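Source file: target06.csv (CSV, C-alpha atoms)
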```csv
chain,number,residue,atom,x,y,z
B,1,MET,CA,-22.3,-27.4,22.2
B,2,GLN,CA,-24.6,-30.4,21.6
B,3,GLU,CA,-23.5,-33.0,19.1
B,4,LEU,CA,-25.9,-33.7,16.3
B,5,SER,CA,-27.2,-37.3,15.9
B,6,ILE,CA,-26.4,-39.1,12.7
B,7,ALA,CA,-30.0,-38.7,11.6
B,8,SER,CA,-29.9,-34.9,12.3
B,9,THR,CA,-26.7,-34.6,10.4
B,10,LEU,CA,-28.0,-36.4,7.4
B,11,ASP,CA,-31.2,-34.3,7.5
B,12,ALA,CA,-29.1,-31.2,7.5
B,13,LEU,CA,-26.9,-32.4,4.6
B,14,ARG,CA,-30.0,-33.3,2.6
B,15,LEU,CA,-31.6,-29.9,3.3
B,16,ALA,CA,-28.4,-28.1,2.2
B,17,PHE,CA,-28.2,-30.2,-1.0
B,18,GLU,CA,-31.9,-29.8,-1.8
B,19,LEU,CA,-32.1,-26.0,-1.1
B,20,ALA,CA,-28.7,-24.9,-2.4
B,21,PRO,CA,-29.0,-21.9,-4.6
B,22,VAL,CA,-26.6,-23.4,-7.2
B,23,GLY,CA,-26.8,-26.6,-9.2
B,24,MET,CA,-25.0,-29.5,-7.6
B,25,CYS,CA,-24.5,-33.1,-8.8
B,26,VAL,CA,-22.5,-36.2,-8.2
B,27,THR,CA,-21.2,-38.0,-11.2
B,28,GLU,CA,-19.6,-41.3,-12.0
B,29,GLU,CA,-17.7,-41.5,-15.3
B,30,ARG,CA,-19.5,-38.3,-16.3
B,31,VAL,CA,-23.0,-39.8,-15.7
B,32,VAL,CA,-25.3,-38.1,-13.2
B,33,VAL,CA,-25.8,-40.2,-10.1
B,34,LEU,CA,-27.6,-37.6,-8.1
B,35,CYS,CA,-28.5,-33.9,-8.6
B,36,ASN,CA,-30.3,-31.3,-6.7
B,37,PRO,CA,-33.4,-29.4,-7.9
B,38,ALA,CA,-31.4,-26.3,-8.8
B,39,PHE,CA,-29.2,-28.3,-11.2
B,40,ALA,CA,-32.1,-30.0,-12.9
B,41,ALA,CA,-34.1,-26.8,-13.2
B,42,MET,CA,-31.2,-24.9,-14.7
B,43,PHE,CA,-31.2,-27.4,-17.6
B,44,GLY,CA,-35.0,-27.7,-17.8
B,45,TYR,CA,-35.4,-31.1,-16.2
B,46,GLU,CA,-36.7,-32.8,-13.0
B,47,PRO,CA,-34.0,-34.4,-10.9
B,48,ALA,CA,-35.2,-37.9,-11.5
B,49,GLU,CA,-35.0,-37.4,-15.3
B,50,LEU,CA,-31.3,-36.7,-15.1
B,51,SER,CA,-30.4,-39.6,-12.7
B,52,GLY,CA,-28.4,-42.2,-14.6
B,53,GLN,CA,-28.0,-39.9,-17.7
B,54,PRO,CA,-24.7,-38.8,-19.2
B,55,LEU,CA,-23.7,-35.2,-19.0
B,56,ALA,CA,-23.1,-35.0,-22.8
B,57,PRO,CA,-26.6,-33.8,-23.8
B,58,LEU,CA,-26.1,-30.8,-21.5
B,59,TYR,CA,-23.3,-29.5,-23.7
B,60,PRO,CA,-23.9,-27.7,-27.0
B,61,SER,CA,-22.2,-30.5,-29.0
B,62,ASP,CA,-20.4,-33.8,-28.5
B,63,ASP,CA,-17.1,-32.1,-29.5
B,64,GLU,CA,-17.5,-29.5,-26.7
B,65,TYR,CA,-18.3,-32.3,-24.2
B,66,ARG,CA,-15.1,-34.2,-25.2
B,67,HIS,CA,-13.0,-31.1,-25.3
B,68,ILE,CA,-13.9,-30.0,-21.8
B,69,GLY,CA,-13.3,-33.5,-20.5
B,70,ALA,CA,-9.9,-33.5,-22.2
B,71,LEU,CA,-9.1,-30.1,-20.6
B,72,GLY,CA,-10.4,-31.0,-17.1
B,73,LEU,CA,-9.0,-34.6,-16.7
B,74,PRO,CA,-5.3,-33.7,-16.4
B,75,VAL,CA,-6.0,-30.7,-14.1
B,76,MET,CA,-8.2,-32.9,-11.9
B,77,ARG,CA,-5.5,-35.5,-11.7
B,78,GLU,CA,-2.9,-32.9,-10.7
B,79,GLN,CA,-5.0,-30.7,-8.4
B,80,GLY,CA,-8.1,-32.7,-7.6
B,81,THR,CA,-10.4,-29.9,-8.8
B,82,TYR,CA,-11.2,-28.2,-12.0
B,83,GLY,CA,-13.3,-25.1,-12.8
B,84,ASP,CA,-14.1,-22.9,-15.7
B,85,GLU,CA,-16.8,-20.9,-17.4
B,86,ARG,CA,-18.4,-22.6,-20.3
B,87,ILE,CA,-21.4,-22.6,-22.5
B,88,MET,CA,-24.0,-25.3,-21.7
B,89,ARG,CA,-27.4,-26.3,-23.3
B,90,ARG,CA,-30.8,-26.4,-21.8
B,91,ARG,CA,-33.4,-29.1,-22.6
B,92,ASP,CA,-35.1,-26.6,-25.0
B,93,GLY,CA,-31.8,-26.1,-26.9
B,94,THR,CA,-31.0,-22.7,-25.6
B,95,LEU,CA,-27.4,-22.0,-24.8
B,96,PHE,CA,-26.2,-20.3,-21.6
B,97,TRP,CA,-22.9,-19.5,-19.8
B,98,CYS,CA,-22.3,-21.5,-16.7
B,99,HIS,CA,-19.6,-21.3,-14.0
B,100,VAL,CA,-18.6,-24.9,-13.2
B,101,VAL,CA,-16.3,-26.3,-10.4
B,102,GLY,CA,-15.8,-29.9,-9.7
B,103,ARG,CA,-13.8,-32.0,-7.2
B,104,ALA,CA,-12.7,-35.6,-7.8
B,105,VAL,CA,-13.1,-38.1,-5.0
B,106,ASP,CA,-9.9,-39.8,-6.1
B,107,ARG,CA,-7.4,-37.7,-8.0
B,108,SER,CA,-5.9,-40.8,-9.7
B,109,GLN,CA,-9.3,-41.5,-11.3
B,110,PRO,CA,-11.0,-38.1,-11.5
B,111,PHE,CA,-14.1,-39.1,-13.5
B,112,ALA,CA,-14.8,-42.2,-11.5
B,113,ARG,CA,-16.7,-40.1,-9.0
B,114,ALA,CA,-16.8,-36.4,-8.7
B,115,VAL,CA,-18.9,-33.6,-7.1
B,116,TRP,CA,-19.8,-30.6,-9.2
B,117,MET,CA,-21.3,-27.2,-8.7
B,118,PHE,CA,-23.0,-25.4,-11.7
B,119,GLU,CA,-23.9,-21.7,-11.5
B,120,ASP,CA,-26.0,-20.1,-14.3
B,121,ILE,CA,-24.2,-16.8,-15.1
B,122,SER,CA,-26.4,-16.0,-18.1
B,123,GLN,CA,-27.6,-12.8,-16.4
B,124,ARG,CA,-24.1,-11.3,-16.6
B,125,ARG,CA,-22.8,-13.1,-19.7
B,126,ARG,CA,-25.0,-13.7,-22.8
B,127,VAL,CA,-24.3,-16.3,-25.4
B,128,ALA,CA,-23.7,-14.8,-28.8
B,129,SER,CA,-26.1,-16.5,-31.2
B,130,GLY,CA,-25.2,-18.0,-34.5
B,131,LEU,CA,-21.7,-19.2,-33.5
B,132,THR,CA,-20.3,-22.6,-34.7
B,133,PRO,CA,-19.2,-25.1,-32.1
B,134,ARG,CA,-15.5,-24.2,-32.8
B,135,GLU,CA,-16.2,-20.5,-32.5
B,136,ARG,CA,-17.9,-21.1,-29.1
B,137,THR,CA,-14.8,-23.0,-28.0
B,138,VAL,CA,-12.5,-20.3,-29.2
B,139,ALA,CA,-14.8,-17.7,-27.5
B,140,GLN,CA,-14.6,-19.6,-24.3
B,141,HIS,CA,-10.8,-19.3,-24.3
B,142,LEU,CA,-10.9,-15.6,-25.4
B,143,VAL,CA,-12.9,-14.5,-22.5
B,144,THR,CA,-10.3,-15.9,-20.1
B,145,GLY,CA,-7.7,-13.7,-21.8
B,146,ALA,CA,-5.9,-16.6,-23.5
B,147,THR,CA,-3.6,-15.7,-26.5
B,148,SER,CA,-4.0,-17.2,-29.9
B,149,LYS,CA,-0.9,-19.3,-29.2
B,150,HIS,CA,-2.4,-20.6,-26.0
B,151,ILE,CA,-5.7,-21.3,-27.6
B,152,ALA,CA,-4.1,-23.1,-30.5
B,153,ARG,CA,-2.1,-25.3,-28.2
B,154,ALA,CA,-5.2,-26.1,-26.1
B,155,LEU,CA,-7.3,-26.9,-29.1
B,156,GLY,CA,-4.6,-28.6,-31.3
B,157,LEU,CA,-4.9,-25.9,-34.0
B,158,SER,CA,-2.4,-23.5,-35.6
B,159,PRO,CA,-2.3,-20.0,-34.2
B,160,ARG,CA,-3.3,-18.8,-37.7
B,161,THR,CA,-6.5,-20.9,-37.6
B,162,VAL,CA,-7.3,-19.4,-34.2
B,163,GLU,CA,-6.8,-16.0,-35.7
B,164,ALA,CA,-9.2,-16.9,-38.5
B,165,HIS,CA,-11.9,-17.9,-36.0
B,166,ARG,CA,-11.2,-14.7,-34.0
B,167,GLY,CA,-11.7,-12.7,-37.2
B,168,ARG,CA,-15.0,-14.4,-38.0
B,169,LEU,CA,-16.1,-13.8,-34.4
B,170,MET,CA,-15.3,-10.1,-34.7
B,171,LYS,CA,-17.2,-9.8,-37.9
B,172,LYS,CA,-20.2,-11.7,-36.6
B,173,LEU,CA,-20.3,-9.6,-33.4
B,174,GLY,CA,-19.4,-6.3,-35.0
B,175,ALA,CA,-16.4,-5.8,-32.8
B,176,ALA,CA,-13.6,-3.5,-34.0
B,177,ASN,CA,-10.9,-4.8,-31.7
B,178,GLN,CA,-10.0,-7.5,-29.2
B,179,GLY,CA,-11.4,-5.6,-26.2
B,180,GLU,CA,-14.7,-5.0,-27.9
B,181,LEU,CA,-14.9,-8.6,-28.9
B,182,VAL,CA,-14.4,-9.9,-25.4
B,183,ALA,CA,-16.9,-7.3,-24.1
B,184,ARG,CA,-19.5,-8.6,-26.6
B,185,LEU,CA,-18.8,-12.2,-25.7
B,186,ILE,CA,-19.3,-11.6,-22.0
B,187,GLY,CA,-22.4,-9.4,-22.6
B,188,ALA,CA,-20.8,-6.1,-21.6
B,189,GLY,CA,-20.7,-4.5,-25.0
```
Can you dump the structure from the file as structure tokens?
Amino acid sequence: MQELSIASTLDALRLAFELAPVGMCVTEERVVVLCNPAFAAMFGYEPAELSGQPLAPLYPSDDEYRHIGALGLPVMREQGTYGDERIMRRRDGTLFWCHVVGRAVDRSQPFARAVWMFEDISQRRRVASGLTPRERTVAQHLVTGATSKHIARALGLSPRTVEAHRGRLMKKLGAANQGELVARLIGAG
């Protein structure tokens, strides 16, 4: 087997990054350093437009940006990686579900530099329209099967408040029970 030259290896890596069918980016302190065309297109931008820009505008709200950061930071410190399915925002303001996985370069400072993969999963999971930021956050936890108690702990709310949000979600989505609510949230019902 012939060894690749450094130039050939770099060309192959560049090709893989540029043609990857999923969005990829490198961030420093949650600011885009480099992204591939799939990442930029997913959000409605050109790669150069995102370089040097914070990730915050790609989230539905500043609260959701801060909340996901607060959830991911301790996990990345402990495990080196973090992944979830979350709602993101395109340049035109439309919301979509996205599967996200990231790896920290240094677990002791996870946000200092990290590599992220973003996959648009809106074809199999639709965003329910007309939800408040808090309802979207609660919905994000509900689709993972989290209980009201777990959601309350994660969001710093009381279980009763989570139940109130769940009730409003059920009413808005016309769901008769928890299973139907989750099915509607993930686009299966």
For this session: Please indicate the distance in Å from atom CA of B:Phe39 to atom CA of B:Pro21, rounded to one decimal place.
Result: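 Going from atom CA of B:Phe39 over to atom CA of B:Pro21 covers 9.2 Å.
In this structure, atom CA of B:Gly93 sits 14.9 Å away from atom CA of B:Arg136.
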Pick out the residues sitting within 8 Å of stretch 104-119 of chain B, and hand them over as a compact mmCIF listing (two decimals) with C-alpha atoms, in the coordinates of the input; count all atoms listed in the file, and ignore anything fewer than 2 positions along from it in its own chain.
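Wrote it out as result13.txt, contents follow:
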```
# COMPACT_ATOMS: atom_id res chain seq x y z
CA VAL B 22 -26.60 -23.40 -7.20
CA GLY B 23 -26.80 -26.60 -9.20
CA MET B 24 -25.00 -29.50 -7.60
CA CYS B 25 -24.50 -33.10 -8.80
CA VAL B 26 -22.50 -36.20 -8.20
CA THR B 27 -21.20 -38.00 -11.20
CA GLU B 28 -19.60 -41.30 -12.00
CA GLU B 29 -17.70 -41.50 -15.30
CA ARG B 30 -19.50 -38.30 -16.30
CA PHE B 39 -29.20 -28.30 -11.20
CA LEU B 73 -9.00 -34.60 -16.70
CA MET B 76 -8.20 -32.90 -11.90
CA ARG B 77 -5.50 -35.50 -11.70
CA GLU B 78 -2.90 -32.90 -10.70
CA GLN B 79 -5.00 -30.70 -8.40
CA GLY B 80 -8.10 -32.70 -7.60
CA THR B 81 -10.40 -29.90 -8.80
CA CYS B 98 -22.30 -21.50 -16.70
CA HIS B 99 -19.60 -21.30 -14.00
CA VAL B 100 -18.60 -24.90 -13.20
CA VAL B 101 -16.30 -26.30 -10.40
CA GLY B 102 -15.80 -29.90 -9.70
CA ILE B 121 -24.20 -16.80 -15.10
```
Exercise. Distance atom CA of B:Ser61-atom CA of B:Met88, one decimal place?
Worked result: 9.1 Å
Exercise. Could you pull the residues within 7 Å of B:Glu46, counting all atoms listed in the file, minus those fewer than 5 positions along the same chain, as a list of chain:residue names?
Worked result: B:Pro37, B:Ala40, B:Ala41
Please produce an output containing C-alpha atoms for each residue in the selection, written as a PDB file, in the coordinates of the input.
```pdb
ATOM      1  CA  PRO B  37     -33.400 -29.400  -7.900  1.00  0.00           C
ATOM      2  CA  ALA B  40     -32.100 -30.000 -12.900  1.00  0.00           C
ATOM      3  CA  ALA B  41     -34.100 -26.800 -13.200  1.00  0.00           C
TER       4      ALA B  41
END
```
For this session: For B:Leu173, list every protein, DNA or RNA residue within 10 Å, evaluated using all atoms listed in the file, and leave out those in the same chain fewer than 3 positions away; present the list as a ChimeraX atom specification.
Result: /B:128-131,167-170,176,180-182,184-185,189
For the residues in that selection, give me C-alpha atoms as a PDB file, in the coordinates of the input.
```pdb
ATOM      1  CA  ALA B 128     -23.700 -14.800 -28.800  1.00  0.00           C
ATOM      2  CA  SER B 129     -26.100 -16.500 -31.200  1.00  0.00           C
ATOM      3  CA  GLY B 130     -25.200 -18.000 -34.500  1.00  0.00           C
ATOM      4  CA  LEU B 131     -21.700 -19.200 -33.500  1.00  0.00           C
ATOM      5  CA  GLY B 167     -11.700 -12.700 -37.200  1.00  0.00           C
ATOM      6  CA  ARG B 168     -15.000 -14.400 -38.000  1.00  0.00           C
ATOM      7  CA  LEU B 169     -16.100 -13.800 -34.400  1.00  0.00           C
ATOM      8  CA  MET B 170     -15.300 -10.100 -34.700  1.00  0.00           C
ATOM      9  CA  ALA B 176     -13.600  -3.500 -34.000  1.00  0.00           C
ATOM     10  CA  GLU B 180     -14.700  -5.000 -27.900  1.00  0.00           C
ATOM     11  CA  LEU B 181     -14.900  -8.600 -28.900  1.00  0.00           C
ATOM     12  CA  VAL B 182     -14.400  -9.900 -25.400  1.00  0.00           C
ATOM     13  CA  ARG B 184     -19.500  -8.600 -26.600  1.00  0.00           C
ATOM     14  CA  LEU B 185     -18.800 -12.200 -25.700  1.00  0.00           C
ATOM     15  CA  GLY B 189     -20.700  -4.500 -25.000  1.00  0.00           C
TER      16      GLY B 189
END
```
Exercise. Which residues, written as number ranges by chain, have at least one atom at most 9 Å from stretch 14-20 of chain B, with only C-alpha atoms counted and residues fewer than 4 positions away on the same chain left out?
Worked result: B: 9-10, 24, 35-38
Problem set entry | Residue neighbourhood B:Arg66, 12 Å, all atoms listed in the file, exclusion window fewer than 2 positions, as a PyMOL selection string | chain B and resi 30+55-57+59-64+68-73+137+155
